[in-house]
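Structure data (mmCIF, C-alpha atoms and all ligand atoms) from data_28.cif:
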```
data_entry
loop_
_atom_site.group_PDB
_atom_site.id
_atom_site.type_symbol
_atom_site.label_atom_id
_atom_site.label_comp_id
_atom_site.auth_asym_id
_atom_site.auth_seq_id
_atom_site.Cartn_x
_atom_site.Cartn_y
_atom_site.Cartn_z
ATOM 1 C CA MET A 16 -35.247 -57.869 -9.457
ATOM 2 C CA ALA A 17 -32.441 -59.546 -7.523
ATOM 3 C CA ASN A 18 -30.600 -62.821 -8.120
ATOM 4 C CA LEU A 19 -30.441 -65.731 -5.706
ATOM 5 C CA ALA A 20 -28.292 -68.870 -5.506
ATOM 6 C CA VAL A 21 -29.101 -71.764 -3.174
ATOM 7 C CA PHE A 22 -26.482 -74.209 -1.879
ATOM 8 C CA ALA A 23 -27.718 -77.642 -0.732
ATOM 9 C CA SER A 24 -26.140 -81.008 0.018
ATOM 10 C CA GLY A 25 -29.122 -83.282 0.424
ATOM 11 C CA ASN A 26 -32.862 -83.595 0.129
ATOM 12 C CA GLY A 27 -33.477 -80.019 -0.968
ATOM 13 C CA SER A 28 -36.986 -79.521 0.419
ATOM 14 C CA ASN A 29 -36.075 -75.969 1.471
ATOM 15 C CA PHE A 30 -34.546 -75.349 -1.937
ATOM 16 C CA GLN A 31 -37.830 -76.418 -3.530
ATOM 17 C CA ALA A 32 -39.949 -74.261 -1.208
ATOM 18 C CA ILE A 33 -37.727 -71.260 -1.976
ATOM 19 C CA ALA A 34 -37.789 -71.974 -5.729
ATOM 20 C CA GLU A 35 -41.585 -72.126 -5.804
ATOM 21 C CA ALA A 36 -42.007 -68.934 -3.745
ATOM 22 C CA VAL A 37 -39.338 -66.934 -5.604
ATOM 23 C CA GLY A 38 -40.908 -68.124 -8.860
ATOM 24 C CA ARG A 39 -43.999 -66.090 -7.929
ATOM 25 C CA THR A 40 -41.936 -62.878 -7.603
ATOM 26 C CA SER A 41 -39.896 -60.759 -9.997
ATOM 27 C CA HIS A 42 -36.690 -62.149 -8.450
ATOM 28 C CA SER A 43 -34.721 -64.997 -9.942
ATOM 29 C CA LEU A 44 -33.359 -68.186 -8.406
ATOM 30 C CA ARG A 45 -30.463 -68.452 -10.818
ATOM 31 C CA CYS A 46 -28.797 -71.686 -9.709
ATOM 32 C CA LEU A 47 -28.335 -74.492 -7.229
ATOM 33 C CA VAL A 48 -24.860 -75.476 -6.053
ATOM 34 C CA SER A 49 -24.292 -78.853 -4.417
ATOM 35 C CA ASP A 50 -21.159 -80.479 -3.049
ATOM 36 C CA ARG A 51 -22.703 -83.927 -3.554
ATOM 37 C CA PRO A 52 -23.461 -85.526 -6.929
ATOM 38 C CA ASP A 53 -26.136 -87.724 -5.301
ATOM 39 C CA ALA A 54 -28.055 -84.858 -3.650
ATOM 40 C CA TYR A 55 -31.788 -85.186 -4.286
ATOM 41 C CA ALA A 56 -31.834 -81.384 -4.544
ATOM 42 C CA LEU A 57 -30.247 -81.821 -7.996
ATOM 43 C CA ALA A 58 -33.231 -83.826 -9.252
ATOM 44 C CA ARG A 59 -35.536 -81.161 -7.862
ATOM 45 C CA ALA A 60 -33.571 -78.472 -9.733
ATOM 46 C CA GLN A 61 -33.859 -80.413 -12.963
ATOM 47 C CA ALA A 62 -37.614 -80.831 -12.509
ATOM 48 C CA LEU A 63 -37.925 -77.100 -11.787
ATOM 49 C CA GLY A 64 -35.743 -76.105 -14.750
ATOM 50 C CA ILE A 65 -33.141 -74.429 -12.541
ATOM 51 C CA ALA A 66 -29.436 -74.633 -13.418
ATOM 52 C CA ALA A 67 -27.554 -76.924 -11.058
ATOM 53 C CA HIS A 68 -23.839 -77.376 -10.479
ATOM 54 C CA VAL A 69 -21.914 -79.954 -8.488
ATOM 55 C CA VAL A 70 -18.670 -78.727 -6.955
ATOM 56 C CA SER A 71 -16.604 -81.451 -5.331
ATOM 57 C CA TYR A 72 -14.931 -81.013 -1.963
ATOM 58 C CA ALA A 73 -12.976 -84.264 -2.327
ATOM 59 C CA SER A 74 -9.157 -84.353 -2.286
ATOM 60 C CA ARG A 75 -8.607 -80.620 -2.000
ATOM 61 C CA SER A 76 -8.924 -77.776 0.445
ATOM 62 C CA ARG A 77 -12.206 -76.027 1.187
ATOM 63 C CA GLU A 78 -10.678 -72.850 -0.251
ATOM 64 C CA GLU A 79 -9.962 -74.569 -3.567
ATOM 65 C CA SER A 80 -13.532 -75.854 -3.735
ATOM 66 C CA GLU A 81 -14.809 -72.377 -2.921
ATOM 67 C CA GLU A 82 -12.698 -70.875 -5.725
ATOM 68 C CA GLU A 83 -14.558 -73.218 -8.079
ATOM 69 C CA ILE A 84 -17.901 -72.220 -6.563
ATOM 70 C CA LEU A 85 -17.018 -68.549 -7.089
ATOM 71 C CA LYS A 86 -16.264 -69.256 -10.760
ATOM 72 C CA VAL A 87 -19.457 -71.280 -11.178
ATOM 73 C CA ILE A 88 -21.747 -68.607 -9.744
ATOM 74 C CA GLN A 89 -19.932 -65.588 -11.217
ATOM 75 C CA PRO A 90 -22.002 -65.531 -14.460
ATOM 76 C CA TYR A 91 -25.248 -65.430 -12.483
ATOM 77 C CA ALA A 92 -24.562 -62.028 -10.858
ATOM 78 C CA VAL A 93 -25.750 -63.418 -7.542
ATOM 79 C CA ASP A 94 -26.998 -60.906 -4.971
ATOM 80 C CA LEU A 95 -27.855 -63.361 -2.206
ATOM 81 C CA ILE A 96 -26.776 -66.906 -1.315
ATOM 82 C CA ALA A 97 -29.111 -69.060 0.772
ATOM 83 C CA LEU A 98 -27.592 -72.140 2.371
ATOM 84 C CA ALA A 99 -30.275 -74.804 2.691
ATOM 85 C CA GLY A 100 -28.829 -77.932 4.221
ATOM 86 C CA PHE A 101 -25.366 -77.233 2.795
ATOM 87 C CA MET A 102 -23.149 -79.411 4.960
ATOM 88 C CA ARG A 103 -19.891 -77.514 4.499
ATOM 89 C CA LEU A 104 -18.497 -74.786 6.687
ATOM 90 C CA LEU A 105 -17.669 -71.800 4.489
ATOM 91 C CA THR A 106 -14.289 -70.078 4.758
ATOM 92 C CA PRO A 107 -13.435 -66.376 4.496
ATOM 93 C CA ARG A 108 -12.488 -67.009 0.848
ATOM 94 C CA LEU A 109 -16.169 -67.227 -0.080
ATOM 95 C CA ILE A 110 -17.777 -65.319 2.781
ATOM 96 C CA ASP A 111 -15.727 -62.176 2.198
ATOM 97 C CA ARG A 112 -16.837 -62.042 -1.439
ATOM 98 C CA TYR A 113 -20.496 -61.781 -0.362
ATOM 99 C CA PRO A 114 -20.417 -59.682 2.804
ATOM 100 C CA GLN A 115 -23.746 -59.864 4.668
ATOM 101 C CA ARG A 116 -25.187 -61.642 1.636
ATOM 102 C CA ILE A 117 -25.017 -65.286 2.752
ATOM 103 C CA ILE A 118 -27.741 -66.685 4.994
ATOM 104 C CA ASN A 119 -28.409 -70.076 6.549
ATOM 105 C CA ILE A 120 -31.313 -71.937 8.084
ATOM 106 C CA HIS A 121 -30.838 -74.011 11.205
ATOM 107 C CA PRO A 122 -33.439 -76.382 12.682
ATOM 108 C CA ALA A 123 -33.111 -75.207 16.299
ATOM 109 C CA LEU A 124 -33.318 -72.060 18.359
ATOM 110 C CA LEU A 125 -29.704 -70.908 18.210
ATOM 111 C CA PRO A 126 -27.466 -70.418 20.101
ATOM 112 C CA LYS A 127 -28.806 -73.728 21.405
ATOM 113 C CA TYR A 128 -27.901 -76.865 19.486
ATOM 114 C CA PRO A 129 -25.578 -75.710 16.704
ATOM 115 C CA GLY A 130 -24.146 -78.368 14.402
ATOM 116 C CA THR A 131 -25.591 -81.330 12.586
ATOM 117 C CA ARG A 132 -27.616 -83.002 15.375
ATOM 118 C CA ALA A 133 -29.828 -80.017 16.134
ATOM 119 C CA ILE A 134 -33.212 -81.703 15.768
ATOM 120 C CA ALA A 135 -32.291 -84.726 17.894
ATOM 121 C CA GLU A 136 -30.674 -82.546 20.540
ATOM 122 C CA SER A 137 -33.714 -80.252 20.668
ATOM 123 C CA TYR A 138 -36.028 -83.238 20.850
ATOM 124 C CA ASN A 139 -34.034 -84.876 23.635
ATOM 125 C CA SER A 140 -33.822 -81.662 25.649
ATOM 126 C CA GLN A 141 -36.255 -80.520 28.328
ATOM 127 C CA ASP A 142 -37.100 -77.444 26.248
ATOM 128 C CA THR A 143 -40.795 -76.763 25.806
ATOM 129 C CA ASP A 144 -40.285 -74.363 22.892
ATOM 130 C CA LEU A 145 -38.561 -75.703 19.790
ATOM 131 C CA GLY A 146 -38.027 -73.960 16.515
ATOM 132 C CA ILE A 147 -35.827 -72.681 13.742
ATOM 133 C CA THR A 148 -33.319 -69.910 13.145
ATOM 134 C CA ILE A 149 -32.389 -67.991 10.020
ATOM 135 C CA HIS A 150 -29.111 -66.153 10.381
ATOM 136 C CA ARG A 151 -26.375 -64.457 8.437
ATOM 137 C CA VAL A 152 -23.306 -66.584 7.878
ATOM 138 C CA ASP A 153 -20.033 -65.645 9.566
ATOM 139 C CA TYR A 154 -16.835 -67.669 9.987
ATOM 140 C CA GLY A 155 -18.231 -69.855 12.767
ATOM 141 C CA MET A 156 -20.537 -72.847 12.764
ATOM 142 C CA ASP A 157 -24.123 -71.548 13.087
ATOM 143 C CA THR A 158 -22.887 -68.435 14.912
ATOM 144 C CA GLY A 159 -23.804 -65.495 12.658
ATOM 145 C CA PRO A 160 -26.227 -62.685 13.533
ATOM 146 C CA ILE A 161 -29.800 -63.917 13.826
ATOM 147 C CA ILE A 162 -32.341 -62.544 11.348
ATOM 148 C CA VAL A 163 -35.408 -64.364 12.621
ATOM 149 C CA GLN A 164 -36.481 -67.225 14.865
ATOM 150 C CA GLU A 165 -39.830 -69.012 14.816
ATOM 151 C CA SER A 166 -40.891 -71.430 17.494
ATOM 152 C CA PHE A 167 -43.711 -73.693 18.608
ATOM 153 C CA ARG A 168 -44.635 -75.252 21.920
ATOM 154 C CA ARG A 169 -44.527 -78.992 22.174
ATOM 155 C CA ASP A 170 -46.788 -81.023 24.408
ATOM 156 C CA GLY A 171 -44.144 -83.627 25.138
ATOM 157 C CA CYS A 172 -46.065 -86.534 23.627
ATOM 158 C CA GLU A 173 -44.835 -86.080 20.057
ATOM 159 C CA THR A 174 -42.532 -88.583 18.410
ATOM 160 C CA MET A 175 -39.197 -87.465 17.012
ATOM 161 C CA GLU A 176 -40.678 -87.792 13.493
ATOM 162 C CA GLU A 177 -43.590 -85.519 14.388
ATOM 163 C CA ILE A 178 -41.240 -82.889 15.778
ATOM 164 C CA GLU A 179 -39.058 -83.167 12.692
ATOM 165 C CA SER A 180 -42.091 -82.620 10.436
ATOM 166 C CA ARG A 181 -43.194 -79.554 12.401
ATOM 167 C CA ILE A 182 -39.702 -78.082 12.148
ATOM 168 C CA HIS A 183 -39.585 -78.665 8.392
ATOM 169 C CA GLU A 184 -43.078 -77.200 7.922
ATOM 170 C CA LEU A 185 -41.949 -74.088 9.767
ATOM 171 C CA GLU A 186 -38.796 -73.911 7.652
ATOM 172 C CA HIS A 187 -40.702 -74.189 4.378
ATOM 173 C CA VAL A 188 -42.902 -71.209 5.268
ATOM 174 C CA THR A 189 -40.307 -69.016 6.967
ATOM 175 C CA TYR A 190 -37.233 -69.438 4.780
ATOM 176 C CA PRO A 191 -38.915 -68.416 1.488
ATOM 177 C CA ARG A 192 -40.521 -65.435 3.252
ATOM 178 C CA ILE A 193 -37.197 -64.168 4.600
ATOM 179 C CA VAL A 194 -35.352 -64.829 1.330
ATOM 180 C CA ILE A 195 -37.925 -62.775 -0.563
ATOM 181 C CA GLU A 196 -37.806 -59.960 2.013
ATOM 182 C CA LEU A 197 -34.020 -59.792 1.656
ATOM 183 C CA LEU A 198 -34.198 -59.895 -2.155
ATOM 184 C CA ASP A 199 -36.759 -57.063 -2.018
ATOM 185 C CA ALA A 200 -34.457 -55.030 0.233
ATOM 186 C CA ILE A 201 -31.460 -55.623 -2.059
ATOM 187 C CA ASP A 202 -33.563 -54.665 -5.065
ATOM 188 C CA HIS A 203 -34.779 -51.443 -3.437
ATOM 189 C CA GLY A 204 -31.269 -50.608 -2.219
ATOM 190 C CA SER A 205 -29.799 -50.860 -5.699
ATOM 191 C CA ARG A 206 -32.263 -48.494 -7.338
HETATM 192 C C1 LIG A 301 -32.997 -78.374 7.252
HETATM 193 O O1 LIG A 301 -33.564 -78.924 8.418
HETATM 194 C C2 LIG A 301 -32.137 -77.192 7.577
HETATM 195 O O2 LIG A 301 -32.572 -76.489 8.705
HETATM 196 C C3 LIG A 301 -30.814 -77.821 7.859
HETATM 197 O O3 LIG A 301 -30.708 -78.875 6.948
HETATM 198 C C4 LIG A 301 -32.013 -79.345 6.612
HETATM 199 C C5 LIG A 301 -32.107 -79.368 5.117
HETATM 200 O O4 LIG A 301 -33.273 -80.013 4.673
HETATM 201 N N1 LIG A 301 -29.755 -76.850 7.750
HETATM 202 P P1 LIG A 301 -33.635 -79.999 3.125
HETATM 203 O O5 LIG A 301 -32.417 -80.537 2.368
HETATM 204 O O6 LIG A 301 -33.921 -78.582 2.745
HETATM 205 O O7 LIG A 301 -34.815 -80.894 2.967
#
```
Rewrite the structure of this file - the entire thing - as structure tokens.
Amino acid sequence: MANLAVFASGNGSNFQAIAEAVGRTSHSLRCLVSDRPDAYALARAQALGIAAHVVSYASRSREESEEEILKVIQPYAVDLIALAGFMRLLTPRLIDRYPQRIINIHPALLPKYPGTRAIAESYNSQDTDLGITIHRVDYGMDTGPIIVQESFRRDGCETMEEIESRIHELEHVTYPRIVIELLDAIDHGSR
């Protein structure tokens, strides 16, 4: 088995989808880390019986917050970190401690539409194919090597809400699948 941590700042629907899927494997979702005490993801963690930790980013540097995150997750012997709507850019302080072991999900077909307005920018574009990207995390914003992309064709008549729902549906199927594949690979590699 391999150990997973998920970082989330908000709703946590991807966290929940991952938790439910990983719960059906021999792997373990050891903890949730959030930078926001009001994140709904925390309530989901409580309902799922998963340890949750809030690490503040207020009034200090990102590196100082990341030092606290490193301390918080250290006891869990984490093999893989999945960012799921974690709205903080990670620094080398954290990234270099988990080389190639931090992944992120982005609600657009990178390299198009990086950043926080990806769904709106995709929707407002002329693109006929929209989708999601799962990638490894490097020092940039949504720039790391792509692991997988999934897309769908829109007919142009959908509302923004309909497009948003399709993107989230795709995320909730794809992200758990990729997380489990990576945990399997880590598990096999360590034997
Ligand atoms: C997702 O759309 C993800 O792609 C993006 O942030 C959103 C998080 O949603 N990075 P949720 O908190 O998992 O519901």
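As for atom CA of Ser74 of chain A and atom CA of Ser24 of chain A, they are spaced 17.5 Å apart.
If only C-alpha atoms are the atoms counted, then among A:Gly100, A:Pro90, A:Gly155, A:Pro126 the closest residue to Arg51 of chain A is A:Gly100.
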Taking only C-alpha atoms and all ligand atoms into account, report as a PDB file with C-alpha atoms, keeping the file's coordinate frame which residues have an atom no farther than 6 Å from an atom of ligand LIG 301 (chain A).
```pdb
ATOM      1  CA  GLY A  25     -29.122 -83.282   0.424  1.00  0.00           C
ATOM      2  CA  ASN A  26     -32.862 -83.595   0.129  1.00  0.00           C
ATOM      3  CA  GLY A  27     -33.477 -80.019  -0.968  1.00  0.00           C
ATOM      4  CA  SER A  28     -36.986 -79.521   0.419  1.00  0.00           C
ATOM      5  CA  ASN A  29     -36.075 -75.969   1.471  1.00  0.00           C
ATOM      6  CA  PHE A  30     -34.546 -75.349  -1.937  1.00  0.00           C
ATOM      7  CA  ALA A  99     -30.275 -74.804   2.691  1.00  0.00           C
ATOM      8  CA  GLY A 100     -28.829 -77.932   4.221  1.00  0.00           C
ATOM      9  CA  ILE A 120     -31.313 -71.937   8.084  1.00  0.00           C
ATOM     10  CA  HIS A 121     -30.838 -74.011  11.205  1.00  0.00           C
ATOM     11  CA  PRO A 122     -33.439 -76.382  12.682  1.00  0.00           C
TER      12      PRO A 122
END
```
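Taken over the shown file, the PyMOL selection byres (((chain A and resi 108) around 12) and not hetatm) identifies Ser76, Arg77, Glu78, Glu79, Ser80, Glu81, Glu82, Glu83, Ile84, Leu85, Leu104, Leu105, Thr106, Pro107, Leu109, Ile110, Asp111, Arg112, Tyr113, Pro114, Asp153 and Tyr154 of chain A.
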Problem set entry | Nearest candidate to Phe22 of chain A (options A:Arg75, A:His203, A:His68, A:Lys127; using only C-alpha atoms) | A:His68
Exercise. Got a sec to resolve the PyMOL selection byres (((chain A and resi 191) around 12) and not hetatm) on this structure and send the residues as number ranges by chain?
Worked result: A: 19, 21, 28-40, 42, 44, 97-99, 118-120, 149, 184-190, 192-198
Exercise. Applied to the shown file, which residues does the PyMOL selection byres (((chain A and resi 69) around 7) and not hetatm) return, written as JSON, numbers by chain?
Worked result: {"A": [48, 49, 50, 51, 52, 67, 68, 70, 71]}
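Here atom CA of Asn139 of chain A and atom CA of Val163 of chain A stand 23.3 Å from one another.
Residue neighbourhood of Asp144 of chain A, excluding near-sequence residues (fewer than 4 positions): A:Ala123, A:Leu124, A:Ser137, A:Glu165, A:Ser166, A:Phe167, A:Arg168, A:Arg169, A:Asp170, at 10 Å, using all atoms listed in the file.
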Problem set entry | Atom-to-atom span, atom CA of Pro160 of chain A and atom CA of Ala200 of chain A, Å | 17.4 Å
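Between Asp94 of chain A and the candidates A:Thr174, A:Gln141, A:Asn18, A:Ser180, the tightest atom-to-atom separation, counting only C-alpha atoms, involves A:Asn18.
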Would you compute the box with edges along x, y and z of the file around segment 67-78 of chain A, including every atom the file lists for it and 6 Å extra on each side, and give its centre and edge lengths in Å to one decimal, as lines of an AutoDock Vina configuration file?
```
center_x = -18.1
center_y = -78.6
center_z = -4.9
size_x = 30.9
size_y = 23.5
size_z = 24.2
```
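Residues lying within 7 Å of (-35.0, -64.7, 11.9). Counted over only C-alpha atoms, they are Thr148, Ile149, His150, Ile161, Ile162, Val163 and Gln164 of chain A.
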